[in-house]
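This is model35.txt. It holds compact mmCIF, N, CA and C atoms.
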# COMPACT_ATOMS: atom_id res chain seq x y z
N MET R 1153 89.30 64.74 92.27
CA MET R 1153 90.08 65.47 91.30
C MET R 1153 89.91 66.97 91.50
N GLY R 1154 89.66 67.66 92.37
CA GLY R 1154 89.68 69.10 92.55
C GLY R 1154 88.92 69.89 91.49
N ILE R 1155 88.98 71.15 91.62
CA ILE R 1155 88.27 72.05 90.69
C ILE R 1155 89.02 72.13 89.38
N LYS R 1156 88.29 72.11 88.30
CA LYS R 1156 88.91 72.25 86.99
C LYS R 1156 89.14 73.74 86.71
N ILE R 1157 90.23 74.03 86.05
CA ILE R 1157 90.61 75.42 85.79
C ILE R 1157 89.61 76.14 84.89
N TRP R 1158 88.93 75.42 84.00
CA TRP R 1158 88.00 76.09 83.11
C TRP R 1158 86.84 76.70 83.88
N TRP R 1159 86.48 76.10 85.02
CA TRP R 1159 85.43 76.68 85.87
C TRP R 1159 85.89 78.02 86.45
N ILE R 1160 87.15 78.07 86.79
CA ILE R 1160 87.68 79.32 87.34
C ILE R 1160 87.64 80.42 86.28
N TRP R 1161 88.04 80.07 85.05
CA TRP R 1161 87.99 81.05 83.96
C TRP R 1161 86.55 81.52 83.72
N MET R 1162 85.62 80.60 83.76
CA MET R 1162 84.21 80.97 83.53
C MET R 1162 83.68 81.84 84.67
N ALA R 1163 84.13 81.58 85.90
CA ALA R 1163 83.71 82.42 87.03
C ALA R 1163 84.29 83.82 86.87
N ILE R 1164 85.54 83.90 86.41
CA ILE R 1164 86.15 85.21 86.16
C ILE R 1164 85.38 85.93 85.05
N ALA R 1165 85.04 85.20 83.99
CA ALA R 1165 84.28 85.79 82.89
C ALA R 1165 82.93 86.32 83.39
N ALA R 1166 82.24 85.52 84.20
CA ALA R 1166 80.94 85.94 84.74
C ALA R 1166 81.10 87.18 85.62
N PHE R 1167 82.16 87.21 86.42
CA PHE R 1167 82.42 88.37 87.27
C PHE R 1167 82.56 89.64 86.43
N PHE R 1168 83.38 89.57 85.38
CA PHE R 1168 83.59 90.75 84.53
C PHE R 1168 82.31 91.18 83.82
N VAL R 1169 81.55 90.23 83.33
CA VAL R 1169 80.31 90.57 82.61
C VAL R 1169 79.30 91.19 83.58
N ILE R 1170 79.17 90.63 84.77
CA ILE R 1170 78.24 91.19 85.76
C ILE R 1170 78.72 92.56 86.22
N ALA R 1171 80.03 92.70 86.44
CA ALA R 1171 80.57 94.00 86.85
C ALA R 1171 80.33 95.05 85.77
N GLU R 1172 80.36 94.64 84.50
CA GLU R 1172 80.12 95.56 83.40
C GLU R 1172 78.72 96.17 83.47
N ILE R 1173 77.78 95.39 83.95
CA ILE R 1173 76.40 95.87 84.07
C ILE R 1173 76.33 97.08 84.99
N PHE R 1174 77.20 97.11 86.01
CA PHE R 1174 77.16 98.19 86.99
C PHE R 1174 78.14 99.32 86.71
N THR R 1175 78.82 99.27 85.57
CA THR R 1175 79.76 100.32 85.20
C THR R 1175 79.39 100.87 83.83
N MET R 1176 80.07 101.93 83.43
CA MET R 1176 79.83 102.51 82.11
C MET R 1176 81.09 102.38 81.27
N GLY R 1177 80.94 102.20 79.99
CA GLY R 1177 82.07 102.30 79.11
C GLY R 1177 82.53 101.03 78.43
N PHE R 1178 81.92 99.92 78.67
CA PHE R 1178 82.29 98.65 78.03
C PHE R 1178 83.75 98.28 78.23
N ALA R 1179 84.34 98.60 79.35
CA ALA R 1179 85.74 98.24 79.59
C ALA R 1179 85.85 96.82 80.12
N LEU R 1180 84.97 96.44 81.02
CA LEU R 1180 85.08 95.13 81.67
C LEU R 1180 84.55 94.00 80.80
N LEU R 1181 83.64 94.30 79.89
CA LEU R 1181 83.06 93.26 79.04
C LEU R 1181 84.14 92.53 78.26
N TRP R 1182 85.11 93.27 77.75
CA TRP R 1182 86.15 92.66 76.93
C TRP R 1182 87.02 91.70 77.74
N PHE R 1183 87.23 91.99 79.01
CA PHE R 1183 87.98 91.07 79.87
C PHE R 1183 87.15 89.82 80.16
N GLY R 1184 85.84 89.99 80.24
CA GLY R 1184 84.96 88.83 80.41
C GLY R 1184 85.01 87.92 79.20
N ILE R 1185 85.02 88.50 78.01
CA ILE R 1185 85.12 87.69 76.79
C ILE R 1185 86.47 87.00 76.73
N GLY R 1186 87.54 87.71 77.09
CA GLY R 1186 88.88 87.11 77.11
C GLY R 1186 88.95 85.93 78.09
N ALA R 1187 88.33 86.08 79.25
CA ALA R 1187 88.32 84.99 80.24
C ALA R 1187 87.49 83.82 79.74
N ALA R 1188 86.39 84.08 79.06
CA ALA R 1188 85.58 82.99 78.51
C ALA R 1188 86.35 82.20 77.46
N VAL R 1189 87.08 82.89 76.60
CA VAL R 1189 87.90 82.21 75.59
C VAL R 1189 88.98 81.38 76.28
N ALA R 1190 89.61 81.93 77.31
CA ALA R 1190 90.62 81.16 78.05
C ALA R 1190 89.98 79.93 78.69
N GLY R 1191 88.75 80.06 79.17
CA GLY R 1191 88.04 78.91 79.75
C GLY R 1191 87.77 77.84 78.71
N ILE R 1192 87.41 78.24 77.50
CA ILE R 1192 87.18 77.27 76.42
C ILE R 1192 88.48 76.56 76.07
N LEU R 1193 89.58 77.31 76.03
CA LEU R 1193 90.87 76.68 75.75
C LEU R 1193 91.25 75.69 76.85
N ALA R 1194 90.94 76.03 78.09
CA ALA R 1194 91.20 75.10 79.20
C ALA R 1194 90.34 73.85 79.07
N LEU R 1195 89.10 74.04 78.65
CA LEU R 1195 88.16 72.92 78.50
C LEU R 1195 88.63 71.94 77.43
N ILE R 1196 89.24 72.45 76.35
CA ILE R 1196 89.70 71.55 75.29
C ILE R 1196 91.11 71.01 75.56
N GLY R 1197 91.70 71.43 76.69
CA GLY R 1197 92.95 70.82 77.11
C GLY R 1197 94.23 71.60 76.84
N LEU R 1198 94.14 72.82 76.35
CA LEU R 1198 95.36 73.59 76.13
C LEU R 1198 95.92 74.07 77.47
N GLY R 1199 97.22 74.25 77.53
CA GLY R 1199 97.90 74.60 78.78
C GLY R 1199 97.65 76.01 79.26
N MET R 1200 98.15 76.26 80.47
CA MET R 1200 97.95 77.56 81.12
C MET R 1200 98.58 78.70 80.32
N GLY R 1201 99.70 78.47 79.66
CA GLY R 1201 100.33 79.50 78.84
C GLY R 1201 99.41 79.98 77.73
N TRP R 1202 98.77 79.03 77.03
CA TRP R 1202 97.81 79.38 75.98
C TRP R 1202 96.62 80.13 76.56
N GLN R 1203 96.17 79.69 77.71
CA GLN R 1203 95.01 80.33 78.34
C GLN R 1203 95.31 81.78 78.72
N LEU R 1204 96.45 81.98 79.39
CA LEU R 1204 96.81 83.34 79.79
C LEU R 1204 97.06 84.23 78.58
N ALA R 1205 97.77 83.69 77.59
CA ALA R 1205 98.06 84.48 76.38
C ALA R 1205 96.78 84.87 75.67
N SER R 1206 95.85 83.92 75.55
CA SER R 1206 94.60 84.26 74.86
C SER R 1206 93.79 85.28 75.66
N PHE R 1207 93.78 85.15 76.97
CA PHE R 1207 93.07 86.12 77.82
C PHE R 1207 93.64 87.52 77.60
N ILE R 1208 94.96 87.63 77.66
CA ILE R 1208 95.60 88.94 77.54
C ILE R 1208 95.43 89.52 76.13
N VAL R 1209 95.68 88.71 75.11
CA VAL R 1209 95.62 89.21 73.73
C VAL R 1209 94.19 89.57 73.34
N ILE R 1210 93.25 88.69 73.59
CA ILE R 1210 91.86 88.94 73.19
C ILE R 1210 91.28 90.12 73.95
N SER R 1211 91.50 90.17 75.25
CA SER R 1211 91.00 91.31 76.04
C SER R 1211 91.62 92.61 75.57
N GLY R 1212 92.92 92.59 75.36
CA GLY R 1212 93.61 93.81 74.92
C GLY R 1212 93.16 94.28 73.56
N VAL R 1213 93.06 93.36 72.61
CA VAL R 1213 92.65 93.74 71.25
C VAL R 1213 91.22 94.29 71.26
N LEU R 1214 90.32 93.61 71.93
CA LEU R 1214 88.93 94.09 71.99
C LEU R 1214 88.84 95.45 72.67
N PHE R 1215 89.63 95.64 73.72
CA PHE R 1215 89.62 96.91 74.43
C PHE R 1215 90.09 98.04 73.52
N VAL R 1216 91.22 97.84 72.84
CA VAL R 1216 91.78 98.87 71.97
C VAL R 1216 90.85 99.16 70.79
N VAL R 1217 90.32 98.11 70.17
CA VAL R 1217 89.43 98.30 69.02
C VAL R 1217 88.16 99.03 69.44
N SER R 1218 87.61 98.67 70.59
CA SER R 1218 86.37 99.33 71.02
C SER R 1218 86.61 100.79 71.36
N ARG R 1219 87.77 101.11 71.92
CA ARG R 1219 88.08 102.51 72.24
C ARG R 1219 88.22 103.34 70.97
N SER R 1220 88.96 102.83 69.99
CA SER R 1220 89.12 103.62 68.76
C SER R 1220 87.80 103.71 68.00
N PHE R 1221 86.99 102.67 68.04
CA PHE R 1221 85.68 102.71 67.40
C PHE R 1221 84.80 103.76 68.09
N ALA R 1222 84.80 103.76 69.41
CA ALA R 1222 83.97 104.70 70.17
C ALA R 1222 84.41 106.14 69.92
N GLU R 1223 85.72 106.39 69.90
CA GLU R 1223 86.20 107.74 69.66
C GLU R 1223 85.86 108.22 68.25
N LYS R 1224 85.85 107.30 67.30
CA LYS R 1224 85.56 107.65 65.92
C LYS R 1224 84.09 108.05 65.74
N PHE R 1225 83.21 107.36 66.44
CA PHE R 1225 81.78 107.58 66.22
C PHE R 1225 81.07 108.37 67.31
N THR R 1226 81.76 108.67 68.39
CA THR R 1226 81.15 109.47 69.44
C THR R 1226 81.42 110.93 69.14
N LYS R 1227 80.36 111.70 69.12
CA LYS R 1227 80.51 113.11 68.83
C LYS R 1227 80.61 113.88 70.13
N LYS R 1228 81.53 114.80 70.15
CA LYS R 1228 81.65 115.68 71.31
C LYS R 1228 80.52 116.69 71.26
N GLN R 1229 80.12 117.12 72.45
CA GLN R 1229 79.05 118.10 72.52
C GLN R 1229 79.55 119.42 71.94
N PRO R 1230 78.83 119.96 70.97
CA PRO R 1230 79.28 121.22 70.39
C PRO R 1230 79.21 122.34 71.42
N PRO R 1231 80.07 123.36 71.27
CA PRO R 1231 80.01 124.47 72.22
C PRO R 1231 78.68 125.19 72.11
N GLY R 1232 78.24 125.73 73.22
CA GLY R 1232 77.00 126.48 73.22
C GLY R 1232 75.76 125.62 73.41
N VAL R 1233 75.95 124.37 73.85
CA VAL R 1233 74.81 123.49 74.09
C VAL R 1233 74.72 123.25 75.58
N GLY R 1234 73.51 123.15 76.10
CA GLY R 1234 73.33 122.94 77.53
C GLY R 1234 73.73 124.19 78.29
N ALA R 1235 74.24 123.97 79.51
CA ALA R 1235 74.63 125.11 80.34
C ALA R 1235 75.80 125.88 79.76
N ASP R 1236 76.60 125.23 78.91
CA ASP R 1236 77.74 125.92 78.29
C ASP R 1236 77.32 127.10 77.43
N ARG R 1237 76.06 127.17 77.05
CA ARG R 1237 75.61 128.28 76.21
C ARG R 1237 75.69 129.61 76.95
N PHE R 1238 75.84 129.57 78.28
CA PHE R 1238 75.90 130.80 79.07
C PHE R 1238 77.31 131.37 79.19
N ILE R 1239 78.32 130.60 78.80
CA ILE R 1239 79.70 131.08 78.92
C ILE R 1239 79.88 132.33 78.07
N GLN R 1240 80.47 133.34 78.67
CA GLN R 1240 80.71 134.67 78.10
C GLN R 1240 79.45 135.52 77.98
N LYS R 1241 78.34 135.05 78.51
CA LYS R 1241 77.11 135.85 78.52
C LYS R 1241 77.12 136.74 79.77
N LYS R 1242 76.42 137.84 79.68
CA LYS R 1242 76.32 138.76 80.80
C LYS R 1242 74.97 138.58 81.49
N GLY R 1243 74.97 138.84 82.78
CA GLY R 1243 73.75 138.74 83.56
C GLY R 1243 73.83 139.67 84.75
N VAL R 1244 72.76 139.69 85.53
CA VAL R 1244 72.69 140.55 86.71
C VAL R 1244 72.59 139.66 87.96
N VAL R 1245 73.31 140.09 89.00
CA VAL R 1245 73.29 139.36 90.27
C VAL R 1245 71.98 139.67 90.98
N THR R 1246 71.21 138.64 91.29
CA THR R 1246 69.93 138.84 91.99
C THR R 1246 70.04 138.55 93.48
N GLU R 1247 71.06 137.82 93.87
CA GLU R 1247 71.35 137.55 95.29
C GLU R 1247 72.86 137.63 95.44
N GLU R 1248 73.33 138.34 96.46
CA GLU R 1248 74.77 138.52 96.65
C GLU R 1248 75.52 137.19 96.50
N ILE R 1249 76.59 137.24 95.72
CA ILE R 1249 77.41 136.05 95.52
C ILE R 1249 78.53 136.07 96.56
N ASP R 1250 78.53 135.06 97.41
CA ASP R 1250 79.57 134.94 98.44
C ASP R 1250 79.92 133.45 98.54
N ASN R 1251 81.08 133.09 98.02
CA ASN R 1251 81.48 131.68 98.01
C ASN R 1251 81.62 131.11 99.41
N ILE R 1252 82.04 131.92 100.38
CA ILE R 1252 82.21 131.42 101.75
C ILE R 1252 80.86 131.08 102.37
N LYS R 1253 79.86 131.93 102.15
CA LYS R 1253 78.52 131.69 102.68
C LYS R 1253 77.72 130.74 101.79
N ASN R 1254 78.26 130.41 100.62
CA ASN R 1254 77.58 129.56 99.64
C ASN R 1254 76.25 130.17 99.21
N THR R 1255 76.30 131.47 98.89
CA THR R 1255 75.10 132.16 98.40
C THR R 1255 75.40 132.77 97.05
N GLY R 1256 74.37 133.06 96.32
CA GLY R 1256 74.52 133.77 95.07
C GLY R 1256 73.62 133.24 93.97
N ARG R 1257 72.98 134.19 93.28
CA ARG R 1257 72.13 133.85 92.14
C ARG R 1257 72.33 134.91 91.06
N VAL R 1258 72.23 134.46 89.82
CA VAL R 1258 72.41 135.34 88.66
C VAL R 1258 71.26 135.08 87.70
N ARG R 1259 70.76 136.17 87.10
CA ARG R 1259 69.74 136.04 86.07
C ARG R 1259 70.37 136.42 84.74
N ILE R 1260 70.23 135.50 83.77
CA ILE R 1260 70.67 135.75 82.41
C ILE R 1260 69.45 135.56 81.52
N GLY R 1261 68.97 136.67 80.97
CA GLY R 1261 67.72 136.60 80.22
C GLY R 1261 66.59 136.18 81.16
N LYS R 1262 65.92 135.10 80.84
CA LYS R 1262 64.83 134.61 81.68
C LYS R 1262 65.28 133.49 82.62
N ASP R 1263 66.55 133.09 82.52
CA ASP R 1263 67.06 131.98 83.33
C ASP R 1263 67.76 132.50 84.58
N GLU R 1264 67.51 131.82 85.70
CA GLU R 1264 68.17 132.18 86.93
C GLU R 1264 68.97 130.98 87.41
N TRP R 1265 70.23 131.23 87.79
CA TRP R 1265 71.17 130.16 88.16
C TRP R 1265 71.83 130.48 89.49
N ARG R 1266 72.22 129.41 90.18
CA ARG R 1266 73.12 129.56 91.33
C ARG R 1266 74.45 130.00 90.76
N ALA R 1267 75.17 130.83 91.50
CA ALA R 1267 76.43 131.36 90.96
C ALA R 1267 77.51 131.41 92.03
N ASP R 1268 78.74 131.28 91.57
CA ASP R 1268 79.94 131.43 92.41
C ASP R 1268 80.81 132.49 91.75
N SER R 1269 81.61 133.15 92.58
CA SER R 1269 82.56 134.14 92.06
C SER R 1269 83.85 133.43 91.67
N ASP R 1270 84.44 133.83 90.55
CA ASP R 1270 85.69 133.19 90.14
C ASP R 1270 86.89 133.73 90.92
N THR R 1271 86.69 134.81 91.69
CA THR R 1271 87.79 135.39 92.48
C THR R 1271 87.63 135.11 93.96
N ASP R 1272 86.60 134.42 94.37
CA ASP R 1272 86.27 134.16 95.77
C ASP R 1272 85.85 135.42 96.53
N GLY R 1273 85.84 136.57 95.87
CA GLY R 1273 85.36 137.79 96.51
C GLY R 1273 83.85 137.89 96.35
N ALA R 1274 83.21 138.58 97.27
CA ALA R 1274 81.76 138.75 97.21
C ALA R 1274 81.40 139.72 96.08
N ILE R 1275 80.25 139.47 95.45
CA ILE R 1275 79.72 140.34 94.40
C ILE R 1275 78.30 140.73 94.82
N ALA R 1276 78.07 142.02 94.90
CA ALA R 1276 76.80 142.55 95.41
C ALA R 1276 75.67 142.34 94.42
N ALA R 1277 74.46 142.25 94.96
CA ALA R 1277 73.26 142.16 94.13
C ALA R 1277 73.18 143.42 93.27
N GLY R 1278 72.74 143.25 92.03
CA GLY R 1278 72.62 144.37 91.10
C GLY R 1278 73.82 144.53 90.19
N GLU R 1279 74.96 143.92 90.51
CA GLU R 1279 76.15 144.01 89.66
C GLU R 1279 75.94 143.26 88.35
N ILE R 1280 76.54 143.78 87.29
CA ILE R 1280 76.54 143.09 85.99
C ILE R 1280 77.76 142.16 85.98
N VAL R 1281 77.52 140.90 85.68
CA VAL R 1281 78.60 139.91 85.69
C VAL R 1281 78.66 139.18 84.36
N GLU R 1282 79.81 138.54 84.12
CA GLU R 1282 80.02 137.73 82.93
C GLU R 1282 80.35 136.31 83.36
N VAL R 1283 79.75 135.33 82.71
CA VAL R 1283 79.98 133.93 83.04
C VAL R 1283 81.34 133.50 82.45
N THR R 1284 82.20 132.93 83.31
CA THR R 1284 83.51 132.46 82.85
C THR R 1284 83.52 130.96 82.59
N ARG R 1285 82.71 130.21 83.35
CA ARG R 1285 82.62 128.77 83.13
C ARG R 1285 81.43 128.22 83.89
N VAL R 1286 81.13 126.95 83.65
CA VAL R 1286 80.06 126.25 84.35
C VAL R 1286 80.72 125.19 85.22
N ASP R 1287 80.35 125.16 86.48
CA ASP R 1287 80.89 124.17 87.42
C ASP R 1287 79.72 123.42 88.03
N GLY R 1288 79.41 122.26 87.45
CA GLY R 1288 78.26 121.49 87.91
C GLY R 1288 76.97 122.23 87.61
N THR R 1289 76.25 122.59 88.69
CA THR R 1289 74.99 123.32 88.53
C THR R 1289 75.14 124.80 88.82
N HIS R 1290 76.37 125.27 88.96
CA HIS R 1290 76.63 126.68 89.25
C HIS R 1290 77.33 127.34 88.07
N LEU R 1291 76.96 128.59 87.83
CA LEU R 1291 77.72 129.41 86.90
C LEU R 1291 78.83 130.09 87.69
N VAL R 1292 80.02 130.13 87.15
CA VAL R 1292 81.12 130.85 87.78
C VAL R 1292 81.25 132.17 87.03
N VAL R 1293 81.18 133.28 87.78
CA VAL R 1293 81.10 134.60 87.15
C VAL R 1293 82.17 135.55 87.70
N ARG R 1294 82.37 136.63 86.94
CA ARG R 1294 83.22 137.74 87.39
C ARG R 1294 82.48 139.03 87.04
N ILE R 1295 82.86 140.08 87.72
CA ILE R 1295 82.23 141.38 87.44
C ILE R 1295 82.60 141.77 86.02
N SER R 1296 81.60 142.19 85.26
CA SER R 1296 81.80 142.58 83.86
C SER R 1296 82.54 143.91 83.80
N LYS R 1297 83.53 143.97 82.90
CA LYS R 1297 84.31 145.19 82.72
C LYS R 1297 83.57 146.20 81.87
N GLU R 1298 82.67 145.72 81.03
CA GLU R 1298 82.00 146.59 80.07
C GLU R 1298 80.61 147.01 80.51
N GLY R 1299 80.14 146.49 81.60
CA GLY R 1299 78.74 146.73 81.96
C GLY R 1299 77.87 145.86 81.07
N GLU R 1300 76.68 146.27 80.78
CA GLU R 1300 75.77 145.46 79.98
C GLU R 1300 76.00 145.71 78.58

Take the structure I supplied and represent it as structure tokens, if you would.
Amino acid sequence: MGIKIWWIWMAIAAFFVIAEIFTMGFALLWFGIGAAVAGILALIGLGMGWQLASFIVISGVLFVVSRSFAEKFTKKQPPGVGADRFIQKKGVVTEEIDNIKNTGRVRIGKDEWRADSDTDGAIAAGEIVEVTRVDGTHLVVRISKEGE
């Protein structure tokens, strides 16, 4: 008698649940639950239409509900936290900033950071600069118009 379809649904469910372990965001878990429900429906004898419909509806509803729940309770990082606290701050170039050579360091207060120029032009050591944004582990700066 060949492979039963409920085994296939359970294998799909296991795949999604295991894949969820290696990803972030709880997106695949809901498809695993949908596949498990479809497998149970197959086990009790309901047809392929019921199985597919339950997989799609349950996965979709869980996905949408989890996204709106997460957005409601997840707080965005307030401005001025982490490296973003340096945006619009002034500092001094301690090593010439040259994006082509991939060099450049800036000191802001007691902190020293790798820096890139926002204009791709070189900025000499000793110049007063202002941070325009943070790009990974680098501050992106421009020459300050006001000095210090």

Quiz item: Mind pulling up the distance from atom CA of R:Ile1160 to atom CA of R:Gly1199?
Solution: 14.1 Å

Practice problem: Could you check which of R:Trp1161, R:Ile1208, R:Phe1167, R:Lys1156 is closest to R:Ala1188, using all atoms listed in the file? | Solution: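 Among the listed residues, R:Trp1161 lies closest to R:Ala1188.
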
Exercise. Can you pull out every residue within 7 Å of stretch 1282-1289 of chain R, counting only N, CA and C atoms, but drop anything in the same chain fewer than 4 positions away, and send it as number ranges by chain?
Key: R: 1235-1236, 1238-1243, 1265-1267, 1293-1297

Quiz item: Nearest to R:Ile1196 among R:Arg1219, R:Ile1173, R:Trp1158, R:Ile1280, with distances taken over all atoms listed in the file: which residue is it?
Solution: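 Distance minimum relative to R:Ile1196 lands on R:Trp1158.
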
Practice problem: Write down as an NGL selection string the residues of stretch 1170-1287 of chain R whose backbone DSSP state falls under strand (DSSP E or B). | Solution: :R and (1242-1250 or 1255-1260 or 1263-1269 or 1275 or 1280-1287)

Practice problem: Go ahead and compute the interatomic distance for atom CA of R:Phe1168 and atom CA of R:Leu1180, in Å to one decimal. | Solution: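 Calculated distance between atom CA of R:Phe1168 and atom CA of R:Leu1180 is 5.4 Å.
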
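When all atoms listed in the file are used to compute distances to R:Gly1278, the closest of the residues R:Lys1262, R:Thr1246, R:Arg1257, R:Glu1223 turns out to be R:Thr1246.
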
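Of note, atom CA of R:Val1281 and atom CA of R:Val1244 are spaced 6.0 Å apart.
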
Self-check item: Distance criterion (only C-alpha atoms): nearest to R:Gly1191 out of R:Asp1268, R:Ala1163, R:Phe1174, R:Gly1273
Solution: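 Of R:Asp1268, R:Ala1163, R:Phe1174, R:Gly1273, the one nearest R:Gly1191 is R:Ala1163, counting only C-alpha atoms.
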
Practice problem: Give the answer as one residue: which of R:Ala1187, R:Val1213, R:Val1292, R:Val1258 has the shortest atom-to-atom distance to R:Thr1271, using all atoms listed in the file? | Solution: R:Val1292

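Counting only C-alpha atoms, the residue from R:Phe1221, R:Trp1159, R:Phe1215, R:Phe1178 that sits nearest to R:Ala1194 is R:Trp1159.
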
Quiz item: Residues of chain R in helix (DSSP H, G or I) according to DSSP, as a PyMOL selection string?
Solution: chain R and resi 1157-1173+1180-1195+1200-1225+1234-1238

Quiz item: Counting only N, CA and C atoms, what is within 6 Å of R:Glu1248, bar same-chain residues fewer than 6 positions away, as a list in words?
Solution: Thr1255, Gly1256, Arg1257, Ile1275, Ala1276 and Ala1277 of chain R

Quiz item: Is there a way to get, as a list in words, all residues within 8 Å of the point (84.5, 98.5, 76.0) in file coordinates, counting all atoms listed in the file?
Solution: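 Every polymer residue passing the test: Met1176, Gly1177, Phe1178, Ala1179, Leu1180, Leu1181, Trp1182, Phe1183, Leu1214, Phe1215, Val1216, Val1217, Ser1218 and Arg1219 of chain R.
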
Could you dump the residues just selected with N, CA and C atoms as an mmCIF file, in the frame of the given file?
data_model
loop_
_atom_site.group_PDB
_atom_site.id
_atom_site.type_symbol
_atom_site.label_atom_id
_atom_site.label_comp_id
_atom_site.auth_asym_id
_atom_site.auth_seq_id
_atom_site.Cartn_x
_atom_site.Cartn_y
_atom_site.Cartn_z
ATOM 1 N N MET R 1176 80.070 101.930 83.430
ATOM 2 C CA MET R 1176 79.830 102.510 82.110
ATOM 3 C C MET R 1176 81.090 102.380 81.270
ATOM 4 N N GLY R 1177 80.940 102.200 79.990
ATOM 5 C CA GLY R 1177 82.070 102.300 79.110
ATOM 6 C C GLY R 1177 82.530 101.030 78.430
ATOM 7 N N PHE R 1178 81.920 99.920 78.670
ATOM 8 C CA PHE R 1178 82.290 98.650 78.030
ATOM 9 C C PHE R 1178 83.750 98.280 78.230
ATOM 10 N N ALA R 1179 84.340 98.600 79.350
ATOM 11 C CA ALA R 1179 85.740 98.240 79.590
ATOM 12 C C ALA R 1179 85.850 96.820 80.120
ATOM 13 N N LEU R 1180 84.970 96.440 81.020
ATOM 14 C CA LEU R 1180 85.080 95.130 81.670
ATOM 15 C C LEU R 1180 84.550 94.000 80.800
ATOM 16 N N LEU R 1181 83.640 94.300 79.890
ATOM 17 C CA LEU R 1181 83.060 93.260 79.040
ATOM 18 C C LEU R 1181 84.140 92.530 78.260
ATOM 19 N N TRP R 1182 85.110 93.270 77.750
ATOM 20 C CA TRP R 1182 86.150 92.660 76.930
ATOM 21 C C TRP R 1182 87.020 91.700 77.740
ATOM 22 N N PHE R 1183 87.230 91.990 79.010
ATOM 23 C CA PHE R 1183 87.980 91.070 79.870
ATOM 24 C C PHE R 1183 87.150 89.820 80.160
ATOM 25 N N LEU R 1214 90.320 93.610 71.930
ATOM 26 C CA LEU R 1214 88.930 94.090 71.990
ATOM 27 C C LEU R 1214 88.840 95.450 72.670
ATOM 28 N N PHE R 1215 89.630 95.640 73.720
ATOM 29 C CA PHE R 1215 89.620 96.910 74.430
ATOM 30 C C PHE R 1215 90.090 98.040 73.520
ATOM 31 N N VAL R 1216 91.220 97.840 72.840
ATOM 32 C CA VAL R 1216 91.780 98.870 71.970
ATOM 33 C C VAL R 1216 90.850 99.160 70.790
ATOM 34 N N VAL R 1217 90.320 98.110 70.170
ATOM 35 C CA VAL R 1217 89.430 98.300 69.020
ATOM 36 C C VAL R 1217 88.160 99.030 69.440
ATOM 37 N N SER R 1218 87.610 98.670 70.590
ATOM 38 C CA SER R 1218 86.370 99.330 71.020
ATOM 39 C C SER R 1218 86.610 100.790 71.360
ATOM 40 N N ARG R 1219 87.770 101.110 71.920
ATOM 41 C CA ARG R 1219 88.080 102.510 72.240
ATOM 42 C C ARG R 1219 88.220 103.340 70.970
#
